[in-house]
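For reference, run_3.cif (mmCIF, C-alpha atoms):
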```
data_coords
#
loop_
_atom_site.label_atom_id
_atom_site.label_comp_id
_atom_site.auth_asym_id
_atom_site.auth_seq_id
_atom_site.Cartn_x
_atom_site.Cartn_y
_atom_site.Cartn_z
CA SER A 140 112.25 99.01 87.64
CA LEU A 141 109.93 100.55 90.17
CA HIS A 142 106.62 102.01 89.01
CA GLN A 143 104.46 104.30 91.12
CA GLY A 144 100.71 104.53 90.87
CA ALA A 145 97.41 104.72 92.67
CA PRO A 146 96.42 101.45 94.38
CA ASP A 147 94.03 100.52 91.57
CA GLN A 148 96.81 101.18 89.05
CA VAL A 149 99.16 98.95 91.06
CA ALA A 150 96.56 96.17 90.96
CA ARG A 151 96.10 96.63 87.22
CA MET A 152 99.89 96.48 86.64
CA LEU A 153 99.98 93.14 88.47
CA ILE A 154 97.00 91.72 86.61
CA ASP A 155 98.42 92.88 83.26
CA GLU A 156 101.82 91.45 84.24
CA THR A 157 103.54 94.81 83.94
CA ALA A 158 104.70 94.34 87.55
CA GLU A 159 105.65 91.24 89.52
CA VAL A 160 104.91 92.52 93.01
CA GLY A 161 102.80 95.41 94.25
CA ILE A 162 102.58 97.28 97.51
CA ALA A 163 99.65 99.41 98.65
CA THR A 164 97.38 100.08 101.60
CA GLU A 165 94.16 100.58 99.68
CA ALA A 166 92.29 98.49 97.11
CA LEU A 167 94.45 95.38 96.68
CA LEU A 168 92.01 93.17 98.60
CA ASN A 169 89.32 94.09 96.05
CA TYR A 170 90.88 91.99 93.27
CA SER A 171 90.30 88.24 93.22
CA GLU A 172 93.10 87.93 90.65
CA LEU A 173 95.62 88.91 93.34
CA VAL A 174 97.12 87.16 96.33
CA THR A 175 97.87 89.65 99.11
CA LEU A 176 99.94 89.34 102.28
CA PRO A 177 100.30 91.81 105.15
CA CYS A 178 103.54 93.77 104.95
CA TYR A 179 103.35 96.17 107.92
CA GLU A 180 100.86 97.97 110.13
CA TRP A 181 100.78 101.72 110.71
CA GLN A 182 98.65 104.64 111.86
CA HIS A 183 98.07 108.23 110.80
CA ILE A 184 99.67 111.15 112.59
CA LEU A 185 98.69 114.78 112.79
CA VAL A 186 101.37 117.28 111.70
CA MET A 187 101.15 120.96 112.57
CA PRO A 188 103.32 124.00 113.20
CA PRO A 189 104.58 124.21 116.82
CA GLU A 190 102.46 127.30 117.49
CA HIS A 191 99.18 125.66 116.44
CA ARG A 192 96.46 125.61 119.11
CA LEU A 193 96.06 121.81 118.84
CA CYS A 194 99.62 121.36 120.12
CA LYS A 195 98.28 122.22 123.57
CA VAL A 196 95.37 119.75 123.38
CA LYS A 197 96.07 116.49 125.19
CA ASN A 198 93.45 114.23 123.54
CA ILE A 199 92.55 115.53 120.09
CA THR A 200 89.02 114.61 118.98
CA LEU A 201 87.34 114.32 115.59
CA GLU A 202 85.15 117.30 116.54
CA GLU A 203 88.26 119.45 117.02
CA LEU A 204 89.77 118.25 113.75
CA ALA A 205 86.52 118.94 111.87
CA ARG A 206 86.91 122.65 112.75
CA GLU A 207 90.36 122.81 111.15
CA PRO A 208 91.33 123.09 107.49
CA LEU A 209 92.85 119.66 106.79
CA ILE A 210 95.57 118.74 104.36
CA THR A 211 95.72 115.03 103.65
CA TYR A 212 95.92 112.36 101.00
CA HIS A 213 93.80 112.00 97.90
CA PRO A 214 90.88 109.58 98.60
CA SER A 215 92.53 106.63 96.85
CA PHE A 216 95.83 106.85 98.77
CA THR A 217 97.38 105.94 102.09
CA GLY A 218 94.44 105.02 104.26
CA ARG A 219 92.29 108.02 103.32
CA THR A 220 89.18 105.81 103.32
CA LYS A 221 89.62 105.28 107.07
CA ILE A 222 89.83 109.04 107.63
CA ASP A 223 86.64 109.65 105.65
CA ALA A 224 84.86 106.73 107.36
CA ALA A 225 85.72 108.01 110.86
CA PHE A 226 84.28 111.46 110.12
CA ALA A 227 81.19 109.96 108.45
CA LYS A 228 80.55 107.62 111.39
CA ALA A 229 80.70 110.62 113.76
CA LYS A 230 78.38 112.54 111.37
CA LEU A 231 81.03 115.23 110.89
CA SER A 232 82.15 116.92 107.69
CA PRO A 233 85.90 117.50 107.59
CA ARG A 234 87.14 120.72 106.01
CA ILE A 235 89.56 119.29 103.44
CA ALA A 236 91.64 122.26 102.31
CA LEU A 237 94.01 120.30 100.08
CA GLU A 238 94.48 116.73 98.89
CA ALA A 239 97.82 115.35 97.75
CA ILE A 240 99.37 112.00 96.91
CA ASP A 241 102.69 112.81 98.56
CA SER A 242 103.37 113.46 102.24
CA ASP A 243 106.15 115.96 101.42
CA VAL A 244 103.55 118.11 99.67
CA ILE A 245 101.24 117.85 102.69
CA ASN A 246 104.05 118.79 105.09
CA THR A 247 105.06 121.76 102.92
CA TYR A 248 101.53 123.22 102.93
CA VAL A 249 101.26 122.64 106.69
CA ARG A 250 104.48 124.68 107.10
CA LEU A 251 102.93 127.41 104.94
CA GLY A 252 100.01 127.62 107.39
CA LEU A 253 97.26 126.32 105.11
CA GLY A 254 96.02 123.76 107.64
CA VAL A 255 96.75 120.75 109.77
CA GLY A 256 98.12 117.66 108.04
CA ILE A 257 97.10 114.04 108.39
CA VAL A 258 99.86 111.75 107.09
CA ALA A 259 101.09 108.19 107.48
CA GLU A 260 103.48 107.82 110.42
CA MET A 261 106.23 106.33 108.24
CA ALA A 262 106.12 109.41 105.98
CA LEU A 263 107.57 111.74 108.62
CA LYS A 264 111.29 112.23 108.30
CA THR A 265 113.86 113.37 110.88
CA GLU A 266 114.31 116.63 108.95
CA ASP A 267 110.58 117.36 109.38
CA LEU A 268 111.20 117.58 113.12
CA SER A 269 114.60 119.29 113.05
CA SER A 270 114.31 121.75 110.13
CA SER A 271 114.19 125.52 110.54
CA LYS A 272 110.38 125.15 110.46
CA PRO A 273 109.83 121.94 112.43
CA LEU A 274 106.51 120.17 112.65
CA GLU A 275 104.80 118.95 115.78
CA ILE A 276 103.25 115.49 115.59
CA ARG A 277 100.44 113.74 117.41
CA PRO A 278 99.42 110.12 116.81
CA VAL A 279 95.76 109.85 115.74
CA GLY A 280 95.39 106.10 115.41
CA HIS A 281 92.77 106.32 118.17
CA LEU A 282 90.64 108.36 115.73
CA PHE A 283 91.32 106.59 112.43
CA GLY A 284 92.44 103.10 113.41
CA THR A 285 95.38 101.17 112.10
CA ASN A 286 96.16 100.43 108.47
CA ILE A 287 97.81 97.43 106.88
CA THR A 288 100.03 97.86 103.87
CA ARG A 289 99.95 94.73 101.76
CA LEU A 290 102.18 93.02 99.22
CA ALA A 291 100.38 91.59 96.23
CA PHE A 292 101.18 89.09 93.51
CA LYS A 293 99.15 87.94 90.53
CA ARG A 294 97.45 84.67 91.40
CA GLY A 295 99.10 81.75 89.59
CA SER A 296 102.17 83.70 88.51
CA TYR A 297 105.75 82.47 88.79
CA ILE A 298 107.71 84.36 91.44
CA ARG A 299 111.34 84.92 90.64
CA ASN A 300 114.06 84.85 93.32
CA PHE A 301 114.63 88.60 93.32
CA VAL A 302 110.89 89.14 93.98
CA TYR A 303 111.11 86.91 97.07
CA SER A 304 114.16 88.91 98.20
CA PHE A 305 112.38 92.22 97.62
CA ALA A 306 109.30 91.02 99.51
CA GLN A 307 111.43 89.87 102.44
CA ALA A 308 113.31 93.18 102.50
CA LEU A 309 109.97 94.98 102.87
CA ALA A 310 108.44 92.46 105.27
CA PRO A 311 111.12 90.39 107.03
CA GLN A 312 108.42 88.35 108.80
CA LEU A 313 107.33 86.92 105.43
CA LYS A 314 109.29 83.83 104.53
CA ARG A 315 109.44 82.28 101.10
CA ALA A 316 107.29 79.39 102.36
CA ASP A 317 104.60 81.87 103.52
CA ILE A 318 104.46 83.42 100.06
CA ASP A 319 104.39 80.01 98.35
CA LEU A 320 101.59 78.81 100.65
CA ALA A 321 99.51 81.92 99.94
CA MET A 322 100.08 81.55 96.20
CA ALA A 323 99.01 77.89 96.31
CA SER A 324 95.76 78.55 98.16
#
```

Kindly present the structure from the file in structure tokens form.
Amino acid sequence: SLHQGAPDQVARMLIDETAEVGIATEALLNYSELVTLPCYEWQHILVMPPEHRLCKVKNITLEELAREPLITYHPSFTGRTKIDAAFAKAKLSPRIALEAIDSDVINTYVRLGLGVGIVAEMALKTEDLSSSKPLEIRPVGHLFGTNITRLAFKRGSYIRNFVYSFAQALAPQLKRADIDLAMAS
């Protein structure tokens, strides 16, 4: 069974032994009861309609984004803390028009013209670029940095074979010995 939840809920499911493995970008490092391992690295991208003025801008800045209505993730999801931190560090207040937990929702409202979207790069699908209302994309890792999605296990728990297989399907660079070593430390 797969269960979906906010990163803190994922951590709680692991601690309560409702789940055997968790995956999230936010919050998992905050729990000493968990062992976490890097799964993959990613950056945010900007999504916008092809006619949007920012499509013509070569190097998009935080100042330009702060003038736009933004559609992005809820603060506890998908690297949103890095977005907020970048604006705060630049002493800018982003105009958050809508917050969602799902990139499809963000992309839909971008298509409806409610603002510019900031989503995780792996959330963009081929159909987002080839649909009747395609989206233009611009990488914005230079503004918000990179993110690391992590796998987590409850410290001291027994890991069954299918959990190792699932972890390796998500992060082929992680070998069983890597997971065992992390669990033993």

message = Counting all atoms listed in the file, which residue out of A:Gly254, A:Ile199, A:Leu309, A:Met261 sits closest to Phe283 in chain A?
response =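 The shortest atom-to-atom distance to Phe283 in chain A comes from A:Ile199.
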
request  = Work out how far apart CA of Thr175 in chain A and CA of Ala150 in chain A are and give it in Å to one decimal.
outcome  = 10.5 Å

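Between Asn198 in chain A and the residues A:Ala310, A:Ala166, A:Ile318, A:Leu282, the shortest atom-to-atom distance, using all atoms listed in the file, involves A:Leu282.
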
Could you write out as an mmCIF file with C-alpha atoms, keeping the file's coordinate frame the residues that the PyMOL selection byres ((chain A and resi 324) around 12) matches in the shown file?
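What ended up in out_37.cif:
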```cif
data_model
loop_
_atom_site.group_PDB
_atom_site.id
_atom_site.type_symbol
_atom_site.label_atom_id
_atom_site.label_comp_id
_atom_site.auth_asym_id
_atom_site.auth_seq_id
_atom_site.Cartn_x
_atom_site.Cartn_y
_atom_site.Cartn_z
ATOM 1 C CA LEU A 173 95.620 88.910 93.340
ATOM 2 C CA VAL A 174 97.120 87.160 96.330
ATOM 3 C CA THR A 175 97.870 89.650 99.110
ATOM 4 C CA ARG A 294 97.450 84.670 91.400
ATOM 5 C CA GLY A 295 99.100 81.750 89.590
ATOM 6 C CA ASP A 317 104.600 81.870 103.520
ATOM 7 C CA ILE A 318 104.460 83.420 100.060
ATOM 8 C CA ASP A 319 104.390 80.010 98.350
ATOM 9 C CA LEU A 320 101.590 78.810 100.650
ATOM 10 C CA ALA A 321 99.510 81.920 99.940
ATOM 11 C CA MET A 322 100.080 81.550 96.200
ATOM 12 C CA ALA A 323 99.010 77.890 96.310
#
```

query = Between CA of Leu237 in chain A and CA of Thr211 in chain A, what is the distance, to one decimal in Å?
reply =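 Computed distance, CA of Leu237 in chain A to CA of Thr211 in chain A, equals 6.6 Å.
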
ask   = When the PyMOL selection byres ((chain A and resi 141) around 12) is applied to the file above, which residues end up in the set, as a ChimeraX atom specification?
value = /A:140,142-144,149,152,157-162,305

ask   = In terms of the shortest atom-to-atom distance over all atoms listed in the file, which of A:Asp155, A:Cys178, A:Thr247, A:His281 is closest to Leu201 in chain A?
value = A:His281

remark   = From CA of Trp181 in chain A to CA of Thr285 in chain A the spacing works out at 5.6 Å

ask   = Restricting the calculation to all atoms listed in the file, which member of A:Gly280, A:Pro273, A:Gly256, A:Pro208 is positioned closest to Leu185 in chain A?
value =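 Smallest distance to Leu185 in chain A is found for A:Gly256.
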
ask   = If the PyMOL selection byres ((chain A and resi 221) around 9) is run on the structure shown, which residues does it catch, given as a list in words?
value =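 So the PyMOL selection byres ((chain A and resi 221) around 9), applied here, picks out Gly218, Arg219, Thr220, Ile222, Asp223, Ala224, Ala225, Phe226, Phe283, Gly284, Thr285 and Asn286 of chain A.
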
request  = Please return, as a list of chain:residue names, all polymer residues that have at least one atom within 12 Å of the point (87.1, 118.2, 118.4); use only C-alpha atoms and the file's own coordinate frame.
outcome  =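 Residues close enough to count: A:Arg192, A:Leu193, A:Val196, A:Lys197, A:Asn198, A:Ile199, A:Thr200, A:Leu201, A:Glu202, A:Glu203, A:Leu204, A:Ala205, A:Arg206, A:Glu207, A:Phe226, A:Ala229, A:Leu231, A:Ser232, A:Pro233, A:Leu282.
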
Output the selection as a tab-separated table (two decimals), in the frame of the given file - C-alpha atoms for each residue.
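File out_20.tsv, as written:
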```tsv
chain	number	residue	atom	x	y	z
A	192	ARG	CA	96.46	125.61	119.11
A	193	LEU	CA	96.06	121.81	118.84
A	196	VAL	CA	95.37	119.75	123.38
A	197	LYS	CA	96.07	116.49	125.19
A	198	ASN	CA	93.45	114.23	123.54
A	199	ILE	CA	92.55	115.53	120.09
A	200	THR	CA	89.02	114.61	118.98
A	201	LEU	CA	87.34	114.32	115.59
A	202	GLU	CA	85.15	117.30	116.54
A	203	GLU	CA	88.26	119.45	117.02
A	204	LEU	CA	89.77	118.25	113.75
A	205	ALA	CA	86.52	118.94	111.87
A	206	ARG	CA	86.91	122.65	112.75
A	207	GLU	CA	90.36	122.81	111.15
A	226	PHE	CA	84.28	111.46	110.12
A	229	ALA	CA	80.70	110.62	113.76
A	231	LEU	CA	81.03	115.23	110.89
A	232	SER	CA	82.15	116.92	107.69
A	233	PRO	CA	85.90	117.50	107.59
A	282	LEU	CA	90.64	108.36	115.73
```

key: Selected residue, from A:Asn300, A:Gly252, A:Pro311, A:Ile235, that lies nearest to Pro189 in chain A when counting all atoms listed in the file   =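 Of all the options, A:Gly252 lies closest to Pro189 in chain A.
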
message = I'd like the contact shell of Ala145 in chain A - 9 Å cut-off, all atoms listed in the file, skipping same-chain residues fewer than 4 positions apart - returned as a ChimeraX atom specification.
response = /A:149-150,163,165,215-216,240

Let me have the centre and edge lengths in Å, one decimal, of the box along x, y and z around every listed atom of range 165-181 of chain A with 8 Å of margin on each side, as AutoDock Vina command-line options.
```
--center_x 96.4 --center_y 94.4 --center_z 100.7 --size_x 30.2 --size_y 30.6 --size_z 36.1
```
